[in-house]
Each structure stands twice: as structure tokens, then as C-alpha cells.
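A.B. asks: Below are the C-alpha cells for one structure; questions will follow.
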Amino acid sequence: MKRSLEDLALFGGPAAFAETLHVGRPNVGDRARLLARIDDMLDRRWLTNHGPFVEELEQQLAAYLGVKHCIAMCNGTVALEIAARALELRGEVIVPAFTFVATAHALQWQEITPVFCDVEPHSHNLDPQRIEALITPRTTGIVGVHVWGQPCAVDALTDIARRRNLRLMFDAAHAFGCSYRGQMIGNFGDAEVFSFHATKFFNTFEGGAVTTNDDALAAKIRLMQNFGFAGLDRVIYIGTNGKMSEVSAAMGLTGLESLTEFVAINQRNYEHYHRELAEVSGLRLLRYDPQERNNFQYITAEIDAPASGISRDHLVQVLHAENVRARRYFYPGCHQMEPYRSYFPHARLLLPVTEQLTQRVLILPTGTAIDAQAISQISQLIRFVVEHGAEISARLAAPARSAA
Ligand code: T4K
């Protein structure tokens with residue numbers, strides 16, 4: 001419990017937590033079940049190349065999502081690259097800059113230019129109102145990102161894509177287990193791409209998947225993820241290696257068995273944070289739509305510096321010193337990262353909401369590794385920091401001023 005500024009670790013006090021609390025601690029299902037599966041796998045000596053675990057995982061995922069095709073992949077980034085290529089995206093593609101850099105890189109990697117579009121202030125997702133002004137004769141598609149697991153404005157984006165004859169793909173890296181108007185994410189656009197990275201709600205160590213209801217597209221993606229092999233010694237297409245390994249699929253199958261428990265823990269944490277931080281001035285926690293299915297994987301705070309008395313970055317400094325590794329996703333925005341920063345030096349002028357969010361958003365630790373007591377302590381810490389925001393900011397700014 002911090003009672004004075006001197007109690008803060010940044011100013012000489014002991015850290016609130018002896019062990020670091022991370023954002024993105026992996027959810028791990030039943031260890032015995034996982035190890036039994038790994039035993040089976042070793043006995044079979046079938047470690048990758050579309051083995052029985054991958055097949056079973058693909059079937060279970062497709063059934064869970066209610067989608068026709070689910071193609072398991074080695075990671076979300078390669079899944080995005082393959083999906084973009086299978087959709088024949090080229091020239092320019094409209095994407096948000098407020099996303100993990102993999103969304104943009106997956107395009108630029110194959111010399112498709114990501115054209116950054118601003119996002120909506122409330123949802124943090126692609127703003128459909130701003131898309132059409134960015135369409136040029138070179139535009140071939142739109143990639144929406146369901147940031148924090150909140151669905152994009154799918155209907156509006158679908159309408160634009162249809163009218164303007166563009167392909168529509170979703171980066172659903174955050175949105176496994178979430179729905180849009182009652183239907184599971186994974187069913188929208190021409191294809192959707194999941195990440196099953198260790199830090200995601202549902203993980204396969206590294207992994208991902210492309211889902212689609214389009215038979216021809218699914219067949220093409222399957223070829224592309226396996227070097228273009230259409231049979232033994234028969235290659236009919238340019239392809240790469242996007243396959244998921246059996247050990248990853250074993251982790252996935254095990255995780256699926258605990259999915260309900262993971263959501264329940266995340267939801268409990270989310271509600272706890274909301275209760276604890278409801279009255280903090282200048283701090284807004286993002287709310288998931290209670291009408292939809294949510295995975296509650298991200299606790300997303302927005303710090304409005306004048307009202308809170310402290311900037312997001314000063315708050316991060318304090319929290320990190322206390323061993324709370326809150327994250328500034330997606331600072332500084334893809335448009336401020338290379339090579340995009342050099343390609344589009346003035347992009348920020350077109351992205352006012354993105355610019356604001358990159359200064360305000362803070363992701364707090366949650367997941368199965370965080371308990372109620374830790375959330376109360378983190379929240380108490382945040383309340384203390386905001387109450388003393390002006391003094392803390394002044395102290396943190398002081399060395400910079402004297403150095404200048
Ligand atoms: N599109 C979007 C919208 C994405 O968010 C991502 C990935 C992708 C596409 C690409 O999908 P993948 O190719 O990754 O499947 C992390 C993840 O590495 C990345 O997967 C994720 N998005 C992004 C939002 O977060 P970093 O740079 O923050 O990773 P790192 O190593 O700092 O880990 C994050 C936290 O998790 C740390 O606090 C430590 C903790 N952690 C991490 C790992 C790997 C653990 O406790 N255990 C672990 O095993 O990017």
C-alpha cells in the first residue's frame with residue numbers, strides 16, 4: 001500500500017510486486033492432458049505436415065467458429081501473408097495504423113503498400129467513414145483489424161468492399177472466441193486470420209489460422225501453405241511453408257478444453273478492474289459489448305492526461321518500477337515505424353485519432369496468471385498515482401528540465 005510518494009519504487013520505496021506481472025502471460029490448459037498428447041505424438045513419430053492433431057484441431061476450430069474452412073498455420077503473420085497473397089492483393093491495401101506491426105508488414109513483405117486509415121475513437125477499429133477517400137485505382141483490398149477482440153464495423157466495411165470491388169480481409173489476431181452480431185468472428189469478409197501466439201487468449205505456442213467460407217480460396221490457401229504441393233512430387237503453385245506442427249496442435253487441442261474457464265477468468269478480472277477503476281478521473285476502461293461473445297483478453301485503459309493529472313507515459317514509468325509491466329500497445333503506431341515512417345513522413349496528419357490513442361492507451365495485466373488480489377493492488381496503485389498525478393509528473397519532469 002502506497003501512502004506517500006516516497007513509497008513509490010521510482011522514488012526509493014519497495015516495488016509493489018516481488019515478481020513481475022506481465023501482459024500476455026500464456027493461458028495453459030491441463031498439463032497432464034498436454035503431456036499425454038505429446039507422448040502420443042512421439043509414439044506416432046508424426047511431428048508435422050498435417051498430422052492427426054492438426055487435422056483434429058482444424059475440425060474443432062471450424063466447428064467452434066461455425067465456419068466452413070479452417071487452415072491451421074505456423075503463426076499469425078505468415079497466415080496474413082498467405083491470405084493476402086491468395087486473395088491476390090497487390091498495389092495498395094487500406095489498413096489501420098493502430099495495430100501490431102505484423103498487419104502492415106504482412107503486406108509490405110510482398111510489396112503491397114499499406115495505406116493507413118484512421119480509426120474510430122470509441123472502438124479503436126478502422127473508421128469506415130474514412131476509407132473511401134483513400135481508395136485509388138491501385139487499391140485492391142481492405143484489411144480490418146478486430147482490435148482487442150472488439151469486432152470492426154463489419155457491415156459497413158463489407159458494403160464498401162462490395163461497392164468498390166475490393167477484397168476484404170480481417171486480422172482477427174485478438175478476436176478468437178468473439179462474435180459480431182451473434183456470429184463468430186472468423187466468418188466475415190473473404191477470409192479472417194487468427195493468431196494463436198503464446199500471448200493470445202487461445203494459444204498453440206506459436207500458431208495461427210485462416211478461416212473462410214469460400215471453397216476455392218481455402219483450396220488455394222492449403223496449396224500455398226505447403227509449397228504448392230498438390231500430391232506427392234506434384235507442385236502446381238508457388239507456395240511457402242505455413243504449416244502448424246503437431247506439438248502446437250496438441251497445445252491447441254488442450255487449450256480448447258479449457259476455453260470456457262479462460263473466458264470466465266478473463267471476464268472476472270475485467271469486471272474487477274472496472275469496479276476498482278470506475279471512479280478514477282481521466283481514466284477510461286474500454287467496455288466490451290455485452291450483447292456479443294467476448295474473450296475479455298485485453299484490459300484497455302485510456303489515460304486522458306489533463307483530466308488524470310498524469311500522462312500515460314509517466315504512469316507506465318511508475319507501474320514498471322513497481323514490476324507491473326503494463327504495455328503501450330500499439331505505440332507509436334505502424335505509420336511511425338520503419339519503413340512506413342520514411343515512406344509516409346506526413347501520415348500522422350491524416351491519423352489524428354490514431355495519434356491520440358498511441359499517446360493514451362495502456363494495456364493492464366490480466367489472464368489466468370493474475371489473481372483478484374493483484375488486480376486490487378494494481379488498481380490501488382493507479383488510483384494513488386492519479387491522485388498524486390501533478391506531483392509525480394513534476395518530479396519526473398524535473399531532471400529533464402535541469403538537463404535542458
Ligand atoms: N495482428 C495483430 C493485430 C497482432 O496483435 C499480432 C500479434 C499479429 C497480427 C501477428 O501474429 P503472430 O505472428 O504473433 O502470431 C506480442 C506478441 O508477440 C504478438 O504475437 C502480439 N500480436 C502482440 C500484440 O504482442 P510483443 O512484442 O509485445 O511481445 P513480448 O515478447 O513483449 O510479449 C508480450 C508479453 O507477454 C510480455 O509482457 C511477456 C509475456 N510473455 C510472452 C511470451 C512470448 C509471457 O509471459 N510468456 C511468453 O511465452 O508482441
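Lettering and numbering for the C-alpha cells are positional, with chains as A, B, ... in the shown order, residues counted from 1 in each chain, and ligands counted from 1 in the shown order.
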Check every protein, DNA and RNA residue against ligand 1, keep those with an atom at most 6 Å away (counting only C-alpha atoms and all ligand atoms), and present them as a ChimeraX atom specification.
C.D. replies: /A:22-26,75-77,99-100,102-103,171,173,195-199,207-208
A.B. asks: Looking at A:Lys68, A:His50, A:Arg167, A:Arg44, which one is nearest to A:Glu88, with distances taken over only C-alpha atoms?
C.D. replies: A:Arg167
A.B. asks: Find the spatial neighbours of stretch 278-289 of chain A, counting only C-alpha atoms, within a cut-off of 6 Å - ignore same-chain residues fewer than 2 positions away - and output them as a PyMOL selection string.
C.D. replies: chain A and resi 274-276+291-292+300-304+307-308
A.B. asks: Please save N, CA and C atoms of the selected residues as a PDB file, in the first residue's frame.
C.D. replies:
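To be explicit, this is the file written out as part-v3.pdb:
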ATOM      1  N   HIS A 274     -12.945  -3.030 -13.678  1.00  0.00           N
ATOM      2  CA  HIS A 274     -13.961  -1.992 -13.890  1.00  0.00           C
ATOM      3  C   HIS A 274     -14.497  -1.461 -12.570  1.00  0.00           C
ATOM      4  N   ARG A 275     -14.721  -2.357 -11.621  1.00  0.00           N
ATOM      5  CA  ARG A 275     -15.206  -1.900 -10.305  1.00  0.00           C
ATOM      6  C   ARG A 275     -14.152  -1.025  -9.625  1.00  0.00           C
ATOM      7  N   GLU A 276     -12.915  -1.472  -9.691  1.00  0.00           N
ATOM      8  CA  GLU A 276     -11.837  -0.780  -8.963  1.00  0.00           C
ATOM      9  C   GLU A 276     -11.484   0.575  -9.574  1.00  0.00           C
ATOM     10  N   GLN A 291     -23.687  -7.592 -25.519  1.00  0.00           N
ATOM     11  CA  GLN A 291     -24.556  -8.361 -26.435  1.00  0.00           C
ATOM     12  C   GLN A 291     -23.761  -9.415 -27.222  1.00  0.00           C
ATOM     13  N   GLU A 292     -22.439  -9.238 -27.245  1.00  0.00           N
ATOM     14  CA  GLU A 292     -21.605 -10.137 -28.055  1.00  0.00           C
ATOM     15  C   GLU A 292     -20.873 -11.132 -27.178  1.00  0.00           C
ATOM     16  N   THR A 300      -8.048  -2.622 -21.466  1.00  0.00           N
ATOM     17  CA  THR A 300      -7.546  -1.474 -22.213  1.00  0.00           C
ATOM     18  C   THR A 300      -7.961  -0.186 -21.521  1.00  0.00           C
ATOM     19  N   ALA A 301      -6.978   0.563 -21.073  1.00  0.00           N
ATOM     20  CA  ALA A 301      -7.279   1.840 -20.415  1.00  0.00           C
ATOM     21  C   ALA A 301      -6.852   2.978 -21.333  1.00  0.00           C
ATOM     22  N   GLU A 302      -7.622   4.066 -21.271  1.00  0.00           N
ATOM     23  CA  GLU A 302      -7.208   5.292 -21.963  1.00  0.00           C
ATOM     24  C   GLU A 302      -6.974   6.352 -20.904  1.00  0.00           C
ATOM     25  N   ILE A 303      -5.791   6.943 -20.943  1.00  0.00           N
ATOM     26  CA  ILE A 303      -5.457   7.972 -19.956  1.00  0.00           C
ATOM     27  C   ILE A 303      -5.525   9.336 -20.640  1.00  0.00           C
ATOM     28  N   ASP A 304      -6.425  10.148 -20.174  1.00  0.00           N
ATOM     29  CA  ASP A 304      -6.597  11.483 -20.734  1.00  0.00           C
ATOM     30  C   ASP A 304      -5.811  12.447 -19.827  1.00  0.00           C
ATOM     31  N   ALA A 307      -7.066  15.495 -17.614  1.00  0.00           N
ATOM     32  CA  ALA A 307      -8.035  15.117 -16.574  1.00  0.00           C
ATOM     33  C   ALA A 307      -7.410  14.222 -15.504  1.00  0.00           C
ATOM     34  N   SER A 308      -6.466  13.379 -15.890  1.00  0.00           N
ATOM     35  CA  SER A 308      -5.888  12.443 -14.920  1.00  0.00           C
ATOM     36  C   SER A 308      -4.748  13.098 -14.129  1.00  0.00           C
TER      37      SER A 308
END
A.B. asks: Grab the atom CA of A:Ser379 to atom CA of A:Tyr273 distance for me, in Å with one decimal place.
C.D. replies: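 Between atom CA of A:Ser379 and atom CA of A:Tyr273 the gap works out to 7.0 Å.
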A.B. asks: Please identify all polymer residues within 6 Å of A:Ala175, counting only C-alpha atoms, omitting same-chain residues fewer than 3 positions from it, and present them as a ChimeraX atom specification.
C.D. replies: /A:149,172,178
A.B. asks: Please return as an NGL selection string: the residues of stretch 77-235 of chain A that backbone DSSP assigns to alpha helix (DSSP H).
C.D. replies: :A and (77-86 or 101-108 or 154-163 or 215-225)
A.B. asks: Dump C-alpha atoms for the selected residues as a PDB file, in the first residue's frame?
C.D. replies:
ATOM      1  CA  THR A  77       1.943 -13.250 -39.581  1.00  0.00           C
ATOM      2  CA  VAL A  78       2.553 -15.980 -42.161  1.00  0.00           C
ATOM      3  CA  ALA A  79      -1.189 -16.653 -42.142  1.00  0.00           C
ATOM      4  CA  LEU A  80      -1.780 -12.970 -43.023  1.00  0.00           C
ATOM      5  CA  GLU A  81       0.838 -13.121 -45.779  1.00  0.00           C
ATOM      6  CA  ILE A  82      -0.636 -16.242 -47.312  1.00  0.00           C
ATOM      7  CA  ALA A  83      -4.218 -14.991 -47.074  1.00  0.00           C
ATOM      8  CA  ALA A  84      -3.265 -11.662 -48.688  1.00  0.00           C
ATOM      9  CA  ARG A  85      -1.473 -13.479 -51.477  1.00  0.00           C
ATOM     10  CA  ALA A  86      -4.288 -15.955 -52.038  1.00  0.00           C
ATOM     11  CA  VAL A 101       3.119  -4.002 -36.964  1.00  0.00           C
ATOM     12  CA  ALA A 102       2.631  -7.527 -38.378  1.00  0.00           C
ATOM     13  CA  THR A 103      -0.593  -6.380 -40.087  1.00  0.00           C
ATOM     14  CA  ALA A 104       1.334  -3.863 -42.201  1.00  0.00           C
ATOM     15  CA  HIS A 105       4.464  -5.997 -42.585  1.00  0.00           C
ATOM     16  CA  ALA A 106       2.499  -8.953 -43.973  1.00  0.00           C
ATOM     17  CA  LEU A 107       1.539  -6.686 -46.886  1.00  0.00           C
ATOM     18  CA  GLN A 108       4.782  -4.769 -47.351  1.00  0.00           C
ATOM     19  CA  VAL A 154     -18.128  -5.403 -40.408  1.00  0.00           C
ATOM     20  CA  ASP A 155     -21.352  -4.466 -42.232  1.00  0.00           C
ATOM     21  CA  ALA A 156     -20.094  -1.024 -43.242  1.00  0.00           C
ATOM     22  CA  LEU A 157     -16.755  -2.432 -44.411  1.00  0.00           C
ATOM     23  CA  THR A 158     -18.476  -5.223 -46.351  1.00  0.00           C
ATOM     24  CA  ASP A 159     -20.679  -2.648 -48.039  1.00  0.00           C
ATOM     25  CA  ILE A 160     -17.692  -0.518 -49.101  1.00  0.00           C
ATOM     26  CA  ALA A 161     -15.769  -3.558 -50.346  1.00  0.00           C
ATOM     27  CA  ARG A 162     -18.774  -4.705 -52.440  1.00  0.00           C
ATOM     28  CA  ARG A 163     -19.493  -1.288 -53.920  1.00  0.00           C
ATOM     29  CA  ASP A 215     -14.088 -23.364 -51.012  1.00  0.00           C
ATOM     30  CA  ALA A 216     -11.812 -22.240 -53.852  1.00  0.00           C
ATOM     31  CA  LEU A 217      -9.946 -19.799 -51.624  1.00  0.00           C
ATOM     32  CA  ALA A 218      -9.466 -22.456 -48.941  1.00  0.00           C
ATOM     33  CA  ALA A 219      -8.023 -24.886 -51.509  1.00  0.00           C
ATOM     34  CA  LYS A 220      -5.619 -22.221 -52.755  1.00  0.00           C
ATOM     35  CA  ILE A 221      -4.501 -21.349 -49.224  1.00  0.00           C
ATOM     36  CA  ARG A 222      -3.866 -25.023 -48.444  1.00  0.00           C
ATOM     37  CA  LEU A 223      -1.641 -25.285 -51.509  1.00  0.00           C
ATOM     38  CA  MET A 224       0.202 -22.085 -50.674  1.00  0.00           C
ATOM     39  CA  GLN A 225       0.937 -23.112 -47.095  1.00  0.00           C
TER      40      GLN A 225
END
A.B. asks: Identify which of the residues A:Val324, A:Phe17, A:Ala153, A:Ser376 lies closest to A:Gln129, counting only C-alpha atoms when measuring atom-to-atom distances.
C.D. replies: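 Closest candidate: A:Ala153.
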A.B. asks: Neighbouring residues of A:Leu87 were defined as those with any atom within 9 Å, considering only C-alpha atoms; residues of the same chain fewer than 6 positions away were excluded. Please report them as a PDB file with C-alpha atoms, in the first residue's frame.
C.D. replies:
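Now in selection_23.pdb:
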ATOM      1  CA  GLY A 141      -8.396  -4.501 -50.698  1.00  0.00           C
ATOM      2  CA  ARG A 167     -11.309  -7.751 -51.350  1.00  0.00           C
ATOM      3  CA  LEU A 168     -11.976  -7.651 -47.620  1.00  0.00           C
ATOM      4  CA  MET A 169      -9.902  -9.492 -45.091  1.00  0.00           C
ATOM      5  CA  ASP A 190     -13.264 -13.064 -47.861  1.00  0.00           C
ATOM      6  CA  ALA A 191     -11.085 -14.512 -45.104  1.00  0.00           C
ATOM      7  CA  LEU A 217      -9.946 -19.799 -51.624  1.00  0.00           C
TER       8      LEU A 217
END
A.B. asks: A:Lys243: which residues within 7 Å, counting only C-alpha atoms, same-chain residues fewer than 5 positions away excluded, as a ChimeraX atom specification?
C.D. replies: /A:49,72-74,225-226
A.B. asks: Output the selection as a CSV table (one decimal), in the first residue's frame - N, CA, C and O atoms for each residue.
C.D. replies:
chain,number,residue,atom,x,y,z
A,49,ASN,N,3.6,-31.6,-40.8
A,49,ASN,CA,3.0,-31.9,-42.1
A,49,ASN,C,1.6,-32.6,-42.0
A,49,ASN,O,1.4,-33.7,-42.4
A,72,ALA,N,-5.0,-24.4,-40.3
A,72,ALA,CA,-4.0,-24.0,-39.2
A,72,ALA,C,-2.7,-23.6,-39.8
A,72,ALA,O,-2.3,-24.2,-40.8
A,73,MET,N,-2.1,-22.6,-39.2
A,73,MET,CA,-0.8,-22.1,-39.7
A,73,MET,C,0.3,-22.0,-38.6
A,73,MET,O,0.0,-22.1,-37.4
A,74,CYS,N,1.5,-21.8,-39.0
A,74,CYS,CA,2.6,-21.7,-38.1
A,74,CYS,C,2.6,-20.5,-37.2
A,74,CYS,O,3.2,-20.5,-36.1
A,225,GLN,N,0.3,-22.9,-48.4
A,225,GLN,CA,0.9,-23.1,-47.1
A,225,GLN,C,1.8,-24.3,-47.1
A,225,GLN,O,2.6,-24.6,-46.2
A,226,ASN,N,1.8,-25.1,-48.2
A,226,ASN,CA,2.5,-26.4,-48.3
A,226,ASN,C,3.3,-26.4,-49.6
A,226,ASN,O,3.2,-27.4,-50.3
A.B. asks: When you draw a straight line from atom CA of A:Phe11 to atom CA of A:Glu322, how long is it in Å?
C.D. replies: 10.7 Å
A.B. asks: Would you please work out which residue, of A:Val318, A:Ala372, A:Ala133, A:Val235, is nearest to A:Leu396 when using only C-alpha atoms?
C.D. replies: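 For A:Leu396, the nearest of the candidates is A:Val318.
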A.B. asks: I'd like to know which residues of stretch 33-137 of chain A are strand (DSSP E) (by DSSP, run on the backbone); could you write them as JSON, numbers by chain?
C.D. replies: {"A": [69, 70, 71, 72, 73, 92, 93, 94, 95, 96, 113, 114, 115, 116, 117]}
A.B. asks: Which residues come within 12 Å of A:Asn213, counting only C-alpha atoms, excluding same-chain residues fewer than 6 positions away, as a list in words?
C.D. replies: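 With the cut-off at 12 Å, the set is Ala62, Leu65, Gly66, Val67, Lys68, His69, Cys70, Ile71, Gly186, Asn187, Phe188, Gly189, Asp190, Ala191, Glu192 and Ala219 of chain A.
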A.B. asks: Mind writing the picked residues with N, CA and C atoms as a PDB file, in the first residue's frame?
C.D. replies:
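Result saved to selection_8.pdb:
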ATOM      1  N   ALA A  62     -13.088 -25.178 -36.729  1.00  0.00           N
ATOM      2  CA  ALA A  62     -14.132 -24.848 -37.719  1.00  0.00           C
ATOM      3  C   ALA A  62     -15.518 -25.029 -37.088  1.00  0.00           C
ATOM      4  N   LEU A  65     -16.196 -22.212 -34.547  1.00  0.00           N
ATOM      5  CA  LEU A  65     -16.432 -20.909 -35.176  1.00  0.00           C
ATOM      6  C   LEU A  65     -17.634 -20.936 -36.118  1.00  0.00           C
ATOM      7  N   GLY A  66     -18.101 -22.128 -36.441  1.00  0.00           N
ATOM      8  CA  GLY A  66     -19.213 -22.246 -37.390  1.00  0.00           C
ATOM      9  C   GLY A  66     -18.797 -21.814 -38.779  1.00  0.00           C
ATOM     10  N   VAL A  67     -17.560 -22.110 -39.151  1.00  0.00           N
ATOM     11  CA  VAL A  67     -17.053 -21.694 -40.459  1.00  0.00           C
ATOM     12  C   VAL A  67     -16.715 -22.951 -41.269  1.00  0.00           C
ATOM     13  N   LYS A  68     -16.770 -22.818 -42.590  1.00  0.00           N
ATOM     14  CA  LYS A  68     -16.567 -23.993 -43.450  1.00  0.00           C
ATOM     15  C   LYS A  68     -15.119 -24.488 -43.424  1.00  0.00           C
ATOM     16  N   HIS A  69     -14.177 -23.555 -43.511  1.00  0.00           N
ATOM     17  CA  HIS A  69     -12.777 -23.971 -43.613  1.00  0.00           C
ATOM     18  C   HIS A  69     -11.920 -23.274 -42.568  1.00  0.00           C
ATOM     19  N   CYS A  70     -11.083 -24.074 -41.929  1.00  0.00           N
ATOM     20  CA  CYS A  70     -10.089 -23.503 -41.007  1.00  0.00           C
ATOM     21  C   CYS A  70      -8.761 -24.149 -41.364  1.00  0.00           C
ATOM     22  N   ILE A  71      -7.795 -23.332 -41.722  1.00  0.00           N
ATOM     23  CA  ILE A  71      -6.476 -23.847 -42.109  1.00  0.00           C
ATOM     24  C   ILE A  71      -5.484 -23.395 -41.041  1.00  0.00           C
ATOM     25  N   GLY A 186     -14.541 -14.864 -37.742  1.00  0.00           N
ATOM     26  CA  GLY A 186     -13.959 -15.987 -38.489  1.00  0.00           C
ATOM     27  C   GLY A 186     -14.788 -16.237 -39.732  1.00  0.00           C
ATOM     28  N   ASN A 187     -15.984 -15.617 -39.740  1.00  0.00           N
ATOM     29  CA  ASN A 187     -16.926 -15.850 -40.840  1.00  0.00           C
ATOM     30  C   ASN A 187     -17.046 -14.659 -41.785  1.00  0.00           C
ATOM     31  N   PHE A 188     -16.295 -13.604 -41.540  1.00  0.00           N
ATOM     32  CA  PHE A 188     -16.578 -12.368 -42.264  1.00  0.00           C
ATOM     33  C   PHE A 188     -15.520 -12.065 -43.329  1.00  0.00           C
ATOM     34  N   GLY A 189     -15.912 -11.174 -44.246  1.00  0.00           N
ATOM     35  CA  GLY A 189     -15.014 -10.817 -45.338  1.00  0.00           C
ATOM     36  C   GLY A 189     -14.715 -12.039 -46.209  1.00  0.00           C
ATOM     37  N   ASP A 190     -13.661 -11.914 -47.035  1.00  0.00           N
ATOM     38  CA  ASP A 190     -13.264 -13.064 -47.861  1.00  0.00           C
ATOM     39  C   ASP A 190     -12.536 -14.089 -47.009  1.00  0.00           C
ATOM     40  N   ALA A 191     -11.812 -13.604 -46.007  1.00  0.00           N
ATOM     41  CA  ALA A 191     -11.085 -14.512 -45.104  1.00  0.00           C
ATOM     42  C   ALA A 191     -10.769 -13.760 -43.818  1.00  0.00           C
ATOM     43  N   GLU A 192     -10.590 -14.521 -42.746  1.00  0.00           N
ATOM     44  CA  GLU A 192     -10.160 -13.921 -41.478  1.00  0.00           C
ATOM     45  C   GLU A 192      -8.930 -14.686 -40.995  1.00  0.00           C
ATOM     46  N   ALA A 219      -8.884 -23.931 -50.792  1.00  0.00           N
ATOM     47  CA  ALA A 219      -8.023 -24.886 -51.509  1.00  0.00           C
ATOM     48  C   ALA A 219      -6.707 -24.206 -51.898  1.00  0.00           C
TER      49      ALA A 219
END
A.B. asks: Rank A:Ile375, A:Leu364, A:Val247, A:Ala369 by their smallest atom-to-atom distance to A:Trp46, using only C-alpha atoms, and report the top residue only.
C.D. replies: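 Looking at the shortest contact to A:Trp46, the residue is A:Val247.
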A.B. asks: What gap, in Å, lies between atom CA of A:Val93 and atom CA of A:Val115?
C.D. replies: 5.8 Å
A.B. asks: With distances taken over only C-alpha atoms, which of A:Pro151, A:Asp43, A:Pro52, A:Thr139 is nearest to A:Gly182?
C.D. replies: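 Looking only at the distances to A:Gly182, the closest residue turns out to be A:Pro151.
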A.B. asks: Under the rule that only C-alpha atoms are counted, which of A:Ala398, A:Met251, A:Ala390, A:Ile265 is the nearest residue to A:Phe202?
C.D. replies: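 Checking each of A:Ala398, A:Met251, A:Ala390, A:Ile265 against A:Phe202, counting only C-alpha atoms, the winner is A:Met251.
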